[in-house]
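> The file below is protein.cif, mmCIF, C-alpha atoms:
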data_data
#
loop_
_atom_site.label_atom_id
_atom_site.label_comp_id
_atom_site.auth_asym_id
_atom_site.auth_seq_id
_atom_site.Cartn_x
_atom_site.Cartn_y
_atom_site.Cartn_z
CA MET A 218 12.45 140.55 155.99
CA PRO A 219 12.01 136.76 155.79
CA SER A 220 13.51 135.01 152.79
CA SER A 221 13.29 131.45 151.47
CA THR A 222 17.08 131.52 150.91
CA SER A 223 18.12 132.83 154.30
CA SER A 224 21.69 131.98 155.31
CA SER A 225 20.27 130.44 158.48
CA ASP A 226 18.83 127.62 156.38
CA PRO A 227 21.78 125.76 154.71
CA ALA A 228 19.52 123.25 153.01
CA ALA A 229 17.54 126.01 151.35
CA THR A 230 20.73 127.77 150.25
CA ALA A 231 22.09 124.65 148.59
CA ALA A 232 18.80 124.04 146.84
CA ALA A 233 18.77 127.60 145.50
CA GLN A 234 22.31 127.28 144.15
CA ALA A 235 21.44 124.03 142.42
CA THR A 236 18.35 125.62 140.87
CA LEU A 237 20.42 128.57 139.69
CA ALA A 238 23.03 126.27 138.13
CA ASN A 239 20.39 124.30 136.24
CA ALA A 240 18.84 127.49 134.96
CA SER A 241 22.23 128.70 133.78
CA LEU A 242 22.93 125.49 131.88
CA GLU A 243 19.51 125.46 130.23
CA SER A 244 19.68 129.09 129.17
CA GLY A 245 23.29 128.95 127.97
CA SER A 246 24.22 131.80 130.28
CA VAL A 247 27.90 132.13 131.04
CA GLY A 248 27.70 135.04 133.41
CA VAL A 249 26.71 133.19 136.60
CA PRO A 250 29.65 131.87 138.65
CA LEU A 251 29.23 128.47 140.21
CA MET A 252 31.20 127.00 143.07
CA ALA A 253 33.17 123.84 142.42
CA PRO A 254 34.07 122.31 145.77
CA GLY A 255 36.92 119.86 145.69
CA SER A 256 38.53 121.31 142.55
CA PRO A 257 42.29 120.69 142.28
CA LEU A 258 42.71 124.25 141.00
CA PRO A 259 43.39 127.06 143.46
CA GLY A 260 40.37 129.19 144.21
CA PRO A 261 39.01 131.97 146.38
CA GLY A 262 38.21 129.38 149.00
CA ALA A 263 39.72 126.12 150.08
CA GLY A 264 39.30 123.70 147.21
CA GLU A 265 36.92 126.01 145.35
CA HIS A 266 36.97 128.01 142.13
CA PHE A 267 34.48 129.69 139.86
CA VAL A 268 33.48 127.90 136.66
CA ARG A 269 31.44 128.71 133.57
CA PRO A 270 29.20 125.95 132.28
CA GLY A 271 30.45 124.55 128.97
CA PHE A 272 33.85 126.28 129.16
CA VAL A 273 37.16 124.60 129.91
CA ARG A 274 39.28 127.68 130.54
CA GLN A 275 38.64 130.16 133.34
CA THR A 276 39.11 133.87 132.84
CA ALA A 277 40.15 136.57 135.26
CA SER A 278 36.51 137.59 135.76
CA ASP A 279 35.76 134.10 137.08
CA ARG A 280 38.47 134.44 139.69
CA PRO A 281 38.35 137.91 141.22
CA GLY A 282 41.57 138.76 143.00
CA VAL A 283 43.27 135.51 142.01
CA ALA A 284 45.83 134.98 139.22
CA GLN A 285 44.43 133.19 136.19
CA PRO A 286 45.38 129.51 136.21
CA VAL A 287 47.26 127.95 133.33
CA PRO A 288 44.84 125.60 131.56
CA VAL A 289 45.93 122.02 131.22
CA ARG A 290 44.74 120.08 128.20
CA ASP A 291 45.71 116.53 127.46
CA ILE A 292 46.92 115.77 123.93
CA PRO A 293 45.11 112.69 122.73
CA PRO A 294 47.34 109.83 121.66
CA GLN A 295 47.90 109.76 117.90
CA PRO A 296 50.21 107.85 115.52
CA TRP A 297 52.50 110.88 115.25
CA LYS A 298 55.35 109.10 113.46
CA ARG A 299 53.01 107.86 110.76
CA ILE A 300 51.42 111.30 110.41
CA PHE A 301 54.87 112.88 110.04
CA LEU A 302 55.96 110.37 107.41
CA VAL A 303 52.75 110.76 105.39
CA THR A 304 53.12 114.56 105.49
CA LEU A 305 56.74 114.31 104.39
CA VAL A 306 55.87 112.03 101.50
CA LEU A 307 53.03 114.30 100.34
CA PHE A 308 55.34 117.33 100.52
CA ALA A 309 57.99 115.54 98.44
CA ILE A 310 55.43 114.44 95.84
CA LEU A 311 54.00 117.95 95.46
CA MET A 312 57.42 119.58 95.22
CA ALA A 313 58.60 117.01 92.69
CA GLY A 314 55.46 117.51 90.65
CA TRP A 315 55.92 121.30 90.62
CA GLU A 316 59.56 120.89 89.57
CA LEU A 317 58.71 118.43 86.79
CA TYR A 318 55.93 120.70 85.53
CA TRP A 319 58.30 123.64 85.00
CA ARG A 320 61.05 121.48 83.56
CA ALA A 321 58.53 120.22 81.00
CA PHE A 322 57.77 123.90 80.29
CA GLY A 323 61.43 124.35 79.34
CA ALA A 324 62.91 125.79 82.53
CA LEU A 325 66.23 124.70 83.97
CA PRO A 326 67.97 125.64 87.24
CA THR A 327 69.37 129.16 87.18
CA TYR A 328 70.27 131.93 89.59
CA ARG A 329 67.51 134.32 90.64
CA ASN A 330 69.40 137.57 89.97
CA SER A 331 68.23 138.74 93.39
CA ASP A 332 69.08 141.97 95.19
CA GLY A 333 71.49 139.94 97.31
CA GLN A 334 73.27 138.64 94.21
CA TRP A 335 73.58 142.18 92.81
CA ALA A 336 74.91 143.40 96.14
CA GLN A 337 77.46 140.58 96.13
CA GLN A 338 78.89 141.89 92.85
CA ARG A 339 78.66 145.53 93.94
CA ARG A 340 80.60 144.68 97.09
CA ARG A 341 83.60 143.64 94.99
CA ILE A 342 84.30 147.30 94.18
CA ASP A 343 84.67 148.12 97.86
CA ALA A 344 86.69 144.97 98.54
CA GLY A 345 89.71 145.79 96.41
CA GLU A 346 88.41 145.57 92.82
CA GLY A 347 87.57 149.24 92.36
CA GLY A 348 89.91 149.56 89.40
CA LYS A 349 88.08 147.00 87.25
CA THR A 350 85.73 147.51 84.33
CA VAL A 351 82.11 147.80 85.46
CA LEU A 352 79.00 147.41 83.32
CA ILE A 353 75.81 149.24 84.28
CA GLY A 354 72.55 149.72 82.44
CA SER A 355 69.24 147.95 82.14
CA SER A 356 68.40 144.52 80.76
CA ARG A 357 70.02 145.09 77.35
CA VAL A 358 73.49 145.41 78.83
CA LEU A 359 72.63 142.53 81.14
CA PHE A 360 71.54 140.25 78.26
CA ASP A 361 73.63 141.48 75.34
CA VAL A 362 77.12 141.83 76.84
CA GLN A 363 78.58 138.40 77.56
CA LEU A 364 81.26 138.33 80.23
CA PRO A 365 83.13 135.20 78.98
CA VAL A 366 83.53 136.73 75.51
CA TRP A 367 84.67 140.05 76.97
CA GLU A 368 87.17 138.27 79.21
CA LYS A 369 88.56 136.27 76.30
CA LEU A 370 89.13 139.38 74.17
CA ALA A 371 90.15 141.92 76.81
CA GLY A 372 91.81 139.68 79.38
CA GLU A 373 89.52 140.94 82.13
CA ARG A 374 86.07 139.79 83.28
CA PRO A 375 83.94 142.89 84.02
CA ILE A 376 81.73 143.34 87.05
CA GLN A 377 78.12 143.12 85.86
CA LEU A 378 75.86 145.62 87.67
CA ALA A 379 73.15 146.18 85.04
CA ILE A 380 69.60 145.85 86.39
CA GLU A 381 66.57 144.93 84.34
CA GLY A 382 63.79 147.49 83.99
CA THR A 383 65.84 150.17 85.73
CA SER A 384 67.55 153.34 84.56
CA SER A 385 71.33 153.18 84.80
CA VAL A 386 71.38 156.69 86.27
CA LEU A 387 70.64 155.19 89.68
CA VAL A 388 73.82 153.07 89.73
CA LEU A 389 75.78 155.79 87.93
CA GLU A 390 75.13 158.11 90.87
CA ASP A 391 75.96 155.41 93.38
CA LEU A 392 79.34 154.72 91.79
CA ALA A 393 80.05 158.45 91.53
CA ALA A 394 79.60 158.67 95.30
CA ASP A 395 82.01 155.78 95.92
CA PRO A 396 85.67 156.90 95.95
CA ASN A 397 86.76 153.24 95.81
CA PHE A 398 85.69 153.04 92.17
CA THR A 399 88.45 154.24 89.84
CA GLY A 400 88.18 151.87 86.84
CA HIS A 401 86.35 151.92 83.50
CA LEU A 402 82.57 152.31 83.29
CA LEU A 403 80.32 151.21 80.43
CA VAL A 404 76.89 152.84 80.83
CA GLY A 405 74.02 151.26 78.93
CA VAL A 406 71.29 153.57 77.63
CA ALA A 407 67.82 152.15 76.97
CA PRO A 408 66.00 155.34 75.95
CA ASP A 409 62.62 154.61 77.53
CA LEU A 410 64.26 153.81 80.88
CA PHE A 411 67.30 156.08 81.00
CA PHE A 412 65.54 159.28 79.96
CA SER A 413 62.42 158.65 82.04
CA GLY A 414 64.26 157.64 85.22
CA PHE A 415 62.09 154.55 85.56
CA ALA A 416 63.44 152.16 88.18
CA TYR A 417 61.59 148.85 88.42
CA ARG A 418 64.26 147.60 90.81
CA GLY A 419 65.19 150.93 92.32
CA ASN A 420 65.50 149.41 95.79
CA VAL A 421 68.61 147.44 94.87
CA VAL A 422 71.08 150.23 95.65
CA PRO A 423 69.60 151.03 99.09
CA PHE A 424 69.52 147.29 99.74
CA TYR A 425 73.26 147.07 99.12
CA HIS A 426 74.03 149.84 101.59
CA LYS A 427 71.73 148.40 104.30
CA GLU A 428 72.19 144.66 103.76
CA GLY A 429 72.62 142.85 107.06
CA PRO A 430 74.45 139.64 108.00
CA SER A 431 71.29 137.54 107.99
CA GLN A 432 70.46 138.71 104.45
CA ARG A 433 73.97 137.85 103.26
CA ILE A 434 73.74 134.41 104.83
CA GLY A 435 70.30 133.85 103.30
CA ASN A 436 71.60 134.80 99.86
CA TRP A 437 74.62 132.50 100.26
CA LEU A 438 72.44 129.57 101.30
CA SER A 439 70.04 130.15 98.41
CA MET A 440 72.85 130.39 95.84
CA HIS A 441 74.61 127.26 97.09
CA LEU A 442 71.82 124.95 98.24
CA LEU A 443 68.74 125.83 96.16
CA GLU A 444 69.15 127.88 92.99
CA PRO A 445 71.66 125.61 91.18
CA PHE A 446 69.45 122.56 91.63
CA VAL A 447 65.77 123.44 91.11
CA ALA A 448 64.02 125.02 88.14
CA PHE A 449 60.89 126.23 89.95
CA ASP A 450 62.83 128.72 92.11
CA ASP A 451 62.04 131.65 89.86
CA PRO A 452 59.74 134.62 90.60
CA ASP A 453 57.81 133.90 87.40
CA PHE A 454 56.97 130.39 88.64
CA ALA A 455 55.82 131.32 92.14
CA LEU A 456 52.39 129.90 92.88
CA ALA A 457 50.91 133.29 93.77
CA THR A 458 52.22 134.74 90.49
CA VAL A 459 50.83 131.84 88.47
CA VAL A 460 47.40 132.24 90.10
CA GLU A 461 47.40 135.99 89.58
CA ARG A 462 48.05 135.84 85.86
CA GLN A 463 45.20 133.47 85.08
CA ALA A 464 42.45 134.76 82.78
CA TRP A 465 40.16 135.94 85.56
CA PRO A 466 36.99 137.87 84.60
CA LEU A 467 37.56 141.62 84.54
CA ARG A 468 35.21 144.27 85.84
CA PRO A 469 33.68 146.56 83.21
CA GLY A 470 36.15 149.15 82.00
CA MET A 471 39.24 147.27 83.18
CA LYS A 472 42.03 146.06 80.91
CA GLN A 473 44.35 143.20 81.70
CA ASP A 474 47.95 144.30 82.23
CA ILE A 475 50.29 141.34 81.80
CA SER A 476 53.56 141.51 83.69
CA VAL A 477 56.85 140.74 81.95
CA ARG A 478 57.44 137.00 81.88
CA LYS A 479 60.68 135.08 82.34
CA LEU A 480 63.21 136.05 79.67
CA ARG A 481 66.66 135.29 81.09
CA VAL A 482 69.08 132.70 82.42
CA SER A 483 71.81 133.90 84.81
CA ASP A 484 75.09 132.60 86.21
CA ALA A 485 76.43 133.10 89.72
CA ASP A 486 78.33 136.28 88.74
CA ARG A 487 75.24 137.64 86.93
CA ASN A 488 76.44 136.83 83.42
CA THR A 489 73.05 136.59 81.72
CA HIS A 490 71.60 135.56 78.39
CA MET A 491 68.16 135.14 76.87
CA TRP A 492 66.18 132.04 77.83
CA SER A 493 66.11 129.69 74.85
CA LYS A 494 62.30 129.36 75.08
CA VAL A 495 61.97 132.96 73.87
CA GLU A 496 64.04 132.06 70.82
CA THR A 497 62.47 128.70 69.95
CA ASP A 498 58.83 128.84 71.08
CA PRO A 499 56.77 131.00 68.69
CA ASP A 500 53.87 131.32 71.13
CA TYR A 501 56.06 132.40 74.02
CA ARG A 502 57.91 134.85 71.78
CA ALA A 503 54.58 136.31 70.66
CA LEU A 504 53.55 136.64 74.31
CA ALA A 505 56.76 138.55 75.10
CA ARG A 506 56.14 140.91 72.20
CA SER A 507 52.54 141.49 73.21
CA ILE A 508 53.67 142.46 76.70
CA TRP A 509 56.02 145.09 75.26
CA ALA A 510 53.20 146.27 72.97
CA GLN A 511 51.12 147.18 76.04
CA HIS A 512 53.81 149.73 76.76
CA PHE A 513 53.70 151.17 73.24
CA ARG A 514 49.93 151.45 72.85
CA GLY A 515 48.86 152.53 76.31
CA PRO A 516 48.47 156.13 77.47
CA PRO A 517 51.65 157.85 78.68
CA PRO A 518 52.18 158.03 82.44
CA PRO A 519 51.11 161.25 84.19
CA ASN A 520 54.66 162.62 84.31
CA MET A 521 54.98 162.27 80.52
CA ASP A 522 51.51 163.07 79.21
CA THR A 523 52.43 166.46 77.70
CA PRO A 524 55.45 167.49 75.59
CA GLU A 525 56.47 169.94 78.30
CA LYS A 526 56.48 167.28 81.00
CA LEU A 527 58.38 164.84 78.80
CA HIS A 528 61.03 167.42 77.93
CA GLY A 529 61.43 168.35 81.60
CA LEU A 530 61.78 164.72 82.60
CA ILE A 531 64.43 164.07 79.95
CA ASP A 532 66.33 167.19 80.99
CA THR A 533 66.28 166.10 84.65
CA GLN A 534 67.75 162.69 83.88
CA ILE A 535 70.46 164.14 81.65
CA GLN A 536 71.40 166.63 84.35
CA ARG A 537 71.69 163.81 86.89
CA ALA A 538 74.03 162.02 84.48
CA VAL A 539 76.06 165.18 83.90
CA ALA A 540 76.73 165.60 87.62
CA ALA A 541 77.61 161.93 88.14
CA VAL A 542 79.91 161.75 85.11
CA ALA A 543 81.71 164.91 86.19
CA THR A 544 82.44 163.37 89.59
CA LEU A 545 83.63 160.10 88.08
CA ARG A 546 85.88 161.64 85.48
CA GLY A 547 87.21 164.01 88.10
CA ARG A 548 88.92 161.07 89.78
CA GLY A 549 90.08 159.44 86.53
CA VAL A 550 87.23 157.06 85.71
CA GLN A 551 86.76 156.56 81.97
CA VAL A 552 83.04 156.66 81.20
CA LEU A 553 81.62 155.31 77.93
CA PHE A 554 77.92 155.30 77.02
CA LEU A 555 76.44 152.45 74.97
CA ARG A 556 73.14 152.36 73.09
CA PRO A 557 72.50 148.61 72.49
CA PRO A 558 70.34 147.40 69.58
CA SER A 559 66.56 147.25 69.45
CA ILE A 560 64.40 146.47 66.43
CA GLY A 561 60.84 146.39 65.17
CA ALA A 562 58.00 147.98 67.08
CA TYR A 563 60.18 148.64 70.13
CA HIS A 564 62.71 150.64 68.12
CA GLU A 565 59.90 152.58 66.43
CA PHE A 566 58.44 153.48 69.82
CA GLU A 567 61.80 154.66 71.16
CA ASN A 568 62.45 156.83 68.11
CA LYS A 569 58.99 158.35 68.35
CA VAL A 570 58.99 159.23 72.05
CA PHE A 571 62.70 159.55 72.81
CA ALA A 572 64.15 160.78 69.54
CA ARG A 573 67.91 160.50 69.31
CA ALA A 574 68.45 164.22 68.61
CA GLN A 575 66.63 165.17 71.84
CA THR A 576 68.11 162.46 74.05
CA TRP A 577 71.26 160.56 73.11
CA ASP A 578 72.96 163.43 71.27
CA VAL A 579 72.19 165.86 74.09
CA LEU A 580 73.47 163.38 76.69
CA LEU A 581 76.87 163.07 75.01
CA GLN A 582 77.14 166.79 74.37
CA ARG A 583 76.31 167.82 77.94
CA THR A 584 78.33 165.15 79.76
CA GLY A 585 81.34 165.45 77.46
CA ALA A 586 81.63 161.65 77.54
CA PRO A 587 81.94 159.49 74.41
CA GLY A 588 79.34 156.98 73.34
CA ILE A 589 78.70 154.03 71.03
CA HIS A 590 75.33 153.97 69.28
CA PHE A 591 74.59 150.75 67.46
CA GLU A 592 73.20 152.69 64.49
CA ASP A 593 76.66 154.22 63.91
CA TYR A 594 78.47 150.88 63.59
CA PRO A 595 77.48 148.36 60.90
CA GLU A 596 79.18 145.58 62.90
CA LEU A 597 76.71 146.20 65.77
CA GLN A 598 73.62 145.79 63.60
CA GLY A 599 71.65 142.92 62.12
CA TYR A 600 71.56 140.61 65.14
CA ASP A 601 68.68 138.31 66.07
CA SER A 602 66.39 139.98 68.59
CA PRO A 603 63.41 137.62 69.08
CA GLU A 604 61.20 139.96 71.12
CA TRP A 605 62.56 143.23 69.65
CA SER A 606 64.47 144.36 72.75
CA HIS A 607 67.17 141.78 73.61
CA LEU A 608 69.55 139.67 71.59
CA SER A 609 69.36 135.90 71.49
CA ALA A 610 72.12 134.06 73.32
CA PRO A 611 74.20 133.27 70.18
CA ALA A 612 73.66 136.81 68.86
CA ALA A 613 74.78 138.31 72.20
CA GLU A 614 78.08 136.46 71.96
CA ARG A 615 78.69 137.79 68.45
CA PHE A 616 77.63 141.29 69.49
CA THR A 617 80.09 141.29 72.39
CA ALA A 618 82.82 139.98 70.10
CA ALA A 619 82.19 142.97 67.82
CA LEU A 620 81.78 145.53 70.63
CA VAL A 621 84.98 144.91 72.61
CA PRO A 622 87.38 145.63 69.69
CA ILE A 623 85.56 148.91 69.02
CA ILE A 624 86.00 149.93 72.66
CA GLN A 625 89.66 148.97 72.69
CA ARG A 626 90.42 150.60 69.35
CA ASP A 627 88.54 153.88 69.72
CA PHE A 628 88.00 154.59 73.41
CA TRP A 629 89.87 152.61 76.06
CA ARG A 630 93.38 152.13 74.84
CA PRO A 631 95.42 150.96 77.82
CA SER A 632 98.16 153.59 77.32
CA ASP A 633 95.79 156.52 76.92
CA PRO A 634 95.19 158.92 79.85
CA PRO A 635 91.57 159.70 80.80
CA PRO A 636 89.96 162.25 78.43
CA ALA A 637 89.81 165.86 79.53
CA LEU A 638 86.85 166.78 81.67
CA ASN A 639 84.60 169.27 79.87
CA PRO A 640 80.94 168.74 80.84
CA VAL A 641 78.29 171.24 79.84
CA LEU A 642 76.38 172.21 82.98
CA HIS A 643 72.87 173.63 82.55
#
For the structure just supplied, provide its representation as structure tokens.


Amino acid sequence: MPSSTSSSDPAATAAAQATLANASLESGSVGVPLMAPGSPLPGPGAGEHFVRPGFVRQTASDRPGVAQPVPVRDIPPQPWKRIFLVTLVLFAILMAGWELYWRAFGALPTYRNSDGQWAQQRRRIDAGEGGKTVLIGSSRVLFDVQLPVWEKLAGERPIQLAIEGTSSVLVLEDLAADPNFTGHLLVGVAPDLFFSGFAYRGNVVPFYHKEGPSQRIGNWLSMHLLEPFVAFDDPDFALATVVERQAWPLRPGMKQDISVRKLRVSDADRNTHMWSKVETDPDYRALARSIWAQHFRGPPPPNMDTPEKLHGLIDTQIQRAVAAVATLRGRGVQVLFLRPPSIGAYHEFENKVFARAQTWDVLLQRTGAPGIHFEDYPELQGYDSPEWSHLSAPAAERFTAALVPIIQRDFWRPSDPPPALNPVLH
């Protein structure tokens, strides 16, 4: 059948290809391959390859049976040194501004109290210091027991393993499973955490057991090159956290839940005290109290919303402590429980939900271990607790100075053998 584009008529063929190319460009079509004679790129024919109008890079469909070429794109000349210097200067200005902002807010350089820092202290037990005194608990033991004061009175600086917002049962069980630990153990009891099993930082113990070399190096670099020098390196001052806690509009039916703000200042060995801003700034202190009040006034969590569930939860945590204490005392560890002070609305909440007769008294009776409750010792009462739950820095020093003699006089006399093991197992 005759055709106007017959291969016997080269001129007609070329004209048809040109017409087809023009139509492709005008219509924006990218599906019609065009020949590019003389191209420097390899192609299906000598000096030829398929192209798509308006596209720089070929794809495999443009080059059937031929490997896709690596596209070459020239980088336009730019004043790169000047761009780099301007970027560096802007970065320095922004970082300096962020640092100055938080210093004006009252922050000073401190250690982050990271999982890596906790693991560093925990590792001491397995590195030859298993016979030392160890402190565990939640933030009250962390804030209220001052290591320098303890060291001055007892001649030994304890290992601080308390973790904020976390039941001490978690670390109690970890130490019970570690035969390297044979020393003295002070176990802090914050009723709403200990008897509920709540563990805000429950990942810290698994982190210790799985920590890798790169994580140790990262923690070392942070503690030596960053944390001692900058104030903004705190989770509470992270940009994402600051943005999140702004007063954004809430959807109907929602209530704003404010996370706990910065309350502490820590040293390299995790000796910790209350941030002075909580003590001296009335507005910030009121904010800290209002955050605790959310906890008091809100509905109970699902695992505590009936008396039966609450009693079962308390019983479970006590039984966990009974098993751990039995293991520890079985190898000669002297275990002593401590109920640090709380006041005001926080103390009222604890007495209402976790009454002493149903929690603390049962814990001591079933574990067979002794305990110090601040309500039983006049010298452990009457200290300044700005936000109801933790002692101020000066008060924490005086509290520790009163606590250590009680421990030495009544519980941990150096010449005394460990008390007889007599736990009540239920």

> Distance atom CA of Pro622 of chain A-atom CA of Gln334 of chain A, one decimal place?

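One can read the atom CA of Pro622 of chain A to atom CA of Gln334 of chain A distance as 29.1 Å.
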
> Distance atom CA of Gln582 of chain A-atom CA of Asp391 of chain A, one decimal place?

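For atom CA of Gln582 of chain A relative to atom CA of Asp391 of chain A, the distance reads 22.2 Å.
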
> Using all atoms listed in the file, pick whichever of A:Leu545, A:Asn436, A:His564, A:Arg481 has the shortest atom-to-atom distance to Pro396 of chain A.

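Answer, going by the shortest atom-to-atom distance: A:Leu545.
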
> Which residues are near Arg573 of chain A? Cut-off 12 Å, all atoms listed in the file, ignore same chain within fewer than 2 positions. Put them as a ChimeraX atom specification.

/A:406-409,412,531,556,564-571,575-581,590-592

> Do a neighbour search on Glu368 of chain A at 12 Å with all atoms listed in the file, toss out local chain neighbours closer than 2 positions, and write the hits as a PyMOL selection string.

chain A and resi 349-350+362-366+370-376+488+614+617-618+621

> Going by the chain IDs and residue numbers used in this file, which residues fall under the PyMOL selection byres ((chain A and resi 482) around 7)? Write them as a list of chain:residue names.

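Selected by the PyMOL selection byres ((chain A and resi 482) around 7) in this file: A:Thr327, A:Arg481, A:Ser483, A:Thr489, A:His490, A:Met491, A:Trp492.
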
> Go through segment 397-478 of chain A residue by residue and, counting all atoms listed in the file, keep those with an atom at most 12 Å from segment 514-525 of chain A; for each kept residue give the shortest atom pair and its distance in Å to one decimal, ordered by chain and increasing number, as JSON lines.


{"residue": "A:Asp409", "atom": "CA", "partner": "A:Met521", "partner_atom": "CA", "distance": 11.2}
{"residue": "A:Phe412", "atom": "CA", "partner": "A:Met521", "partner_atom": "CA", "distance": 11.0}
{"residue": "A:Ser413", "atom": "CA", "partner": "A:Met521", "partner_atom": "CA", "distance": 8.4}
{"residue": "A:Gly414", "atom": "CA", "partner": "A:Asn520", "partner_atom": "CA", "distance": 10.9}
{"residue": "A:Phe415", "atom": "CA", "partner": "A:Pro518", "partner_atom": "CA", "distance": 11.0}
{"residue": "A:Lys472", "atom": "CA", "partner": "A:Gly515", "partner_atom": "CA", "distance": 10.5}
{"residue": "A:Gln473", "atom": "CA", "partner": "A:Gly515", "partner_atom": "CA", "distance": 11.7}
{"residue": "A:Asp474", "atom": "CA", "partner": "A:Gly515", "partner_atom": "CA", "distance": 10.2}

> Given the point (73.7, 160.5, 80.3) in the file's coordinates, find the residues that have an atom at most 8 Å from it, counting all atoms listed in the file, and give them as a list in words.

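Those residues lying close to the given coordinates are Val386, Val406, Phe411, Gln534, Ile535, Gln536, Arg537, Ala538, Val539, Val542, Phe554, Trp577, Leu580, Leu581 and Thr584 of chain A.
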
> Taking into account all atoms listed in the file, which residue in the set A:Val422, A:Gly588, A:Asp532, A:Ala572 is nearest to Glu390 of chain A?

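For Glu390 of chain A, the nearest of the given residues is A:Val422.
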
> With a distance cut-off of 7 Å and all atoms listed in the file, select the neighbouring residues of segment 399-403 of chain A, excluding the residue or stretch itself and same-chain residues fewer than 6 positions from it, and output the selection as a list in words.

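Once the adjacent positions are removed, what remains is Gly347, Gly348, Lys349, Thr350, Val351, Leu352, Ile353, Arg548, Gly549, Val550, Gln551, Val552, Leu553, Phe554 and Leu555 of chain A.
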
> Counting all atoms listed in the file, what is within 8 Å of Ile380 of chain A, bar same-chain residues fewer than 4 positions away, as a ChimeraX atom specification?

/A:353-356,359,384-385,418

> Next, dump the selected residues to file, keeping only C-alpha atoms, as a PDB file, in the coordinates of the input.


ATOM      1  CA  ILE A 353      75.810 149.240  84.280  1.00  0.00           C
ATOM      2  CA  GLY A 354      72.550 149.720  82.440  1.00  0.00           C
ATOM      3  CA  SER A 355      69.240 147.950  82.140  1.00  0.00           C
ATOM      4  CA  SER A 356      68.400 144.520  80.760  1.00  0.00           C
ATOM      5  CA  LEU A 359      72.630 142.530  81.140  1.00  0.00           C
ATOM      6  CA  SER A 384      67.550 153.340  84.560  1.00  0.00           C
ATOM      7  CA  SER A 385      71.330 153.180  84.800  1.00  0.00           C
ATOM      8  CA  ARG A 418      64.260 147.600  90.810  1.00  0.00           C
TER       9      ARG A 418
END

> The PyMOL selection byres ((chain A and resi 440) around 10) on the file shown: which residues, as a PyMOL selection string?

chain A and resi 327-331+333-334+434-439+441-446+485

> What separation in Å, quoted to one decimal, exists between atom CA of Asp451 of chain A and atom CA of Val421 of chain A?

17.8 Å

> Have a look at A:Pro587, A:Gly599, A:Pro281, A:Gly314 and name the one nearest to Pro558 of chain A; count all atoms listed in the file.

A:Gly599

> Reconstruct N, CA and C atoms of segment 450-462 of chain A from the incomplete input and present them as a CSV table (one decimal), in the coordinates of the input.


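Dumped everything to part-v3.csv:
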chain,number,residue,atom,x,y,z
A,450,ASP,N,62.5,127.6,91.3
A,450,ASP,CA,62.8,128.7,92.1
A,450,ASP,C,63.1,130.0,91.3
A,451,ASP,N,62.0,130.5,90.7
A,451,ASP,CA,62.0,131.6,89.9
A,451,ASP,C,60.8,132.5,90.2
A,452,PRO,N,60.9,133.8,90.3
A,452,PRO,CA,59.7,134.6,90.6
A,452,PRO,C,58.6,134.4,89.6
A,453,ASP,N,58.9,134.1,88.4
A,453,ASP,CA,57.8,133.9,87.4
A,453,ASP,C,57.0,132.6,87.6
A,454,PHE,N,57.6,131.7,88.4
A,454,PHE,CA,57.0,130.4,88.6
A,454,PHE,C,56.4,130.3,90.0
A,455,ALA,N,56.4,131.4,90.8
A,455,ALA,CA,55.8,131.3,92.1
A,455,ALA,C,54.3,131.1,92.0
A,456,LEU,N,53.8,130.3,93.0
A,456,LEU,CA,52.4,129.9,92.9
A,456,LEU,C,51.5,131.1,92.9
A,457,ALA,N,51.8,132.1,93.7
A,457,ALA,CA,50.9,133.3,93.8
A,457,ALA,C,50.9,134.0,92.4
A,458,THR,N,52.1,134.1,91.8
A,458,THR,CA,52.2,134.7,90.5
A,458,THR,C,51.5,134.0,89.4
A,459,VAL,N,51.5,132.7,89.5
A,459,VAL,CA,50.8,131.8,88.5
A,459,VAL,C,49.3,132.0,88.6
A,460,VAL,N,48.8,132.0,89.9
A,460,VAL,CA,47.4,132.2,90.1
A,460,VAL,C,47.0,133.6,89.6
A,461,GLU,N,47.8,134.6,89.9
A,461,GLU,CA,47.4,136.0,89.6
A,461,GLU,C,47.3,136.2,88.1
A,462,ARG,N,48.1,135.6,87.3
A,462,ARG,CA,48.0,135.8,85.9
A,462,ARG,C,47.1,135.0,85.1
